[in-house]
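Below is one structure; the comments refer to it alone.
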Amino acid sequence: MTVLRFLVPVVATTVTASWAGAPVWTWLGIAVFLGSLEAYWMRLGSEPWMGRTVALPAVIDRDADLSSLLEFSRRWWRPRFYAPAAVAIALIVLLAGALVAPGEFRALHPGSLAMLALILFEFGESRSMRFLYFTLFARESRYPHRLSWLSPAQSPPVETMLGIWRQTAFVNGVGLALDFVLVIILLSPDSLTALLAPMAGFALVAVVFDTASLLSVRNSVQRVVRHTTDATLERLRERIERLEPQARQLTPAEAAQLQALLATYAAVRDAPTGPSGAQTLGHALTALAIPALTFLLAVMAEVYAERLLNQLLP
């Protein structure tokens, strides 16, 4: 993929015959950086972290439900479903950039513009694939799972899923920050106006997709937990109903058993069903704070660098 990424701006430059002043080393550096980052994630995916992503599907109660989930994944997890969304995101952001800062975009080297389009496409592709992943999880939440009956939300598979969710939110924030930096390097704008459309496009897509996926995870976890909680409460209710009509005739041992059942019923009923709204908001803000801080630092660096150059070169 590193070679293919580098070929994109090279081909665009060749087609437009714009080799004069082409920032070839910048393109090569970005391609190598993205390739190294991709290799790192592939290596990470081959380690136990990747195995944790199937912790919750592994405890689906019925084999038929697991087969249905796998079939759903095979049917929808294809480039023809997420690639068009990625293309649309790239085109919309580029068009917005051309409208907001037409002069800067006309002056942008064709190869750099092609590289920018590629970065936007890969960004949109990752967000679209993530949306499909959480759609898959929403599908999984329909099925009953083998979880701890006393507090399903604290079952290891659920906690593992939530841990991966938190890590993914953080990693996506870091990835968005890196995309910001790459855009700044590619555009090398004379004014901050040229950065407005790409940055706003990245931020808007990230907010929409990340917020939707975070809410989807929260709702799906609650549905999975609710399946187990409802089944447990139903079993407890049946046992309580057998004892309650005879409350006055129960032996001390049976009365103690009834009280224990009532206490257990209350504990299961009042157990948490998943992350709270405040926790969800906190994770979303944490994920978005990283690129926001990066953008602010980049803007400050741009402004102070310009002031410094004006002082040195009156």
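Order determines the names: the first chain of the structure tokens is A, the second B, and so forth; residues in each chain are numbered 1 upward, and ligands are numbered 1 upward as they are shown.
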Hey, which bits of region 30-100 of chain A sit within 8 Å of region 142-152 of chain A, and for each residue what's the closest pair of atoms and how far apart in Å (one decimal), counting only C-alpha atoms, rows by chain and increasing number, as a tab-separated table?
residue	atom	partner	partner_atom	distance
A:Leu56	CA	A:His145	CA	7.9
A:Val59	CA	A:Arg146	CA	5.3
A:Ile60	CA	A:His145	CA	4.3
A:Asp61	CA	A:His145	CA	4.7
A:Arg62	CA	A:Pro144	CA	7.7
A:Asp65	CA	A:Tyr143	CA	6.6
Extract the full set of alpha helix (DSSP H) residues from region 7-83 of chain A according to DSSP on the backbone, and format it as a compact mmCIF listing (two decimals) with C-alpha atoms, in the first residue's frame.
# COMPACT_ATOMS: atom_id res chain seq x y z
CA LEU A 7 1.92 6.33 -7.07
CA VAL A 8 -1.33 8.30 -6.69
CA PRO A 9 0.32 11.77 -6.64
CA VAL A 10 3.00 10.61 -9.11
CA VAL A 11 0.37 9.53 -11.65
CA ALA A 12 -1.61 12.74 -11.13
CA THR A 13 1.56 14.77 -11.70
CA THR A 14 2.47 12.78 -14.80
CA VAL A 15 -1.00 13.14 -16.32
CA THR A 16 -1.02 16.89 -15.74
CA VAL A 24 7.99 14.43 -4.27
CA TRP A 25 9.78 13.91 -0.98
CA THR A 26 6.75 15.12 0.94
CA TRP A 27 4.54 12.60 -0.86
CA LEU A 28 7.05 9.83 -0.26
CA GLY A 29 7.33 10.70 3.42
CA ILE A 30 3.54 10.69 3.87
CA ALA A 31 3.21 7.40 1.99
CA VAL A 32 5.91 5.75 4.11
CA PHE A 33 4.38 7.12 7.31
CA LEU A 34 0.90 5.85 6.44
CA GLY A 35 2.33 2.50 5.37
CA SER A 36 4.25 2.15 8.63
CA LEU A 37 1.13 3.04 10.59
CA GLU A 38 -0.88 0.48 8.64
CA ALA A 39 1.76 -2.20 9.27
CA TYR A 40 1.65 -1.43 12.97
CA TRP A 41 -2.12 -1.87 13.09
CA MET A 42 -1.89 -5.12 11.14
CA ARG A 43 0.66 -6.44 13.62
CA LEU A 44 -1.55 -5.32 16.49
CA GLY A 45 -4.48 -7.08 14.85
CA PRO A 48 -4.42 -11.03 21.49
CA TRP A 49 -6.08 -7.61 21.20
CA MET A 50 -7.78 -8.76 18.02
CA GLY A 51 -9.03 -11.90 19.72
CA ARG A 52 -10.76 -9.77 22.34
CA ASP A 63 -25.52 -21.62 17.45
CA ALA A 64 -28.22 -20.59 14.99
CA ASP A 65 -27.91 -16.97 16.13
CA LEU A 66 -24.12 -17.07 15.73
CA SER A 67 -24.49 -18.46 12.20
CA SER A 68 -26.98 -15.71 11.37
CA LEU A 69 -24.55 -13.08 12.63
CA LEU A 70 -21.71 -14.48 10.54
CA GLU A 71 -23.90 -14.52 7.46
CA PHE A 72 -24.91 -10.90 8.10
CA SER A 73 -21.23 -9.97 8.37
CA ARG A 74 -20.28 -11.73 5.14
CA ARG A 75 -23.16 -10.09 3.28
CA TRP A 76 -22.52 -6.49 4.33
CA PRO A 79 -16.12 -2.61 -0.19
CA ARG A 80 -19.17 -1.98 -2.37
CA PHE A 81 -21.06 -0.82 0.71
CA TYR A 82 -18.46 1.39 2.42
CA ALA A 83 -16.34 2.57 -0.53
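For region 135-141 of chain A, the residues within 6 Å (counting only C-alpha atoms, excluding itself and residues fewer than 5 positions away along the chain) are Ser220, Arg223 and Val224 of chain A.
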Prev. selection, C-alpha atoms, output as a tab-separated table (two decimals), in the first residue's frame:
chain	number	residue	atom	x	y	z
A	220	SER	CA	-26.45	-2.47	22.06
A	223	ARG	CA	-29.95	-4.66	24.93
A	224	VAL	CA	-27.55	-7.58	25.44
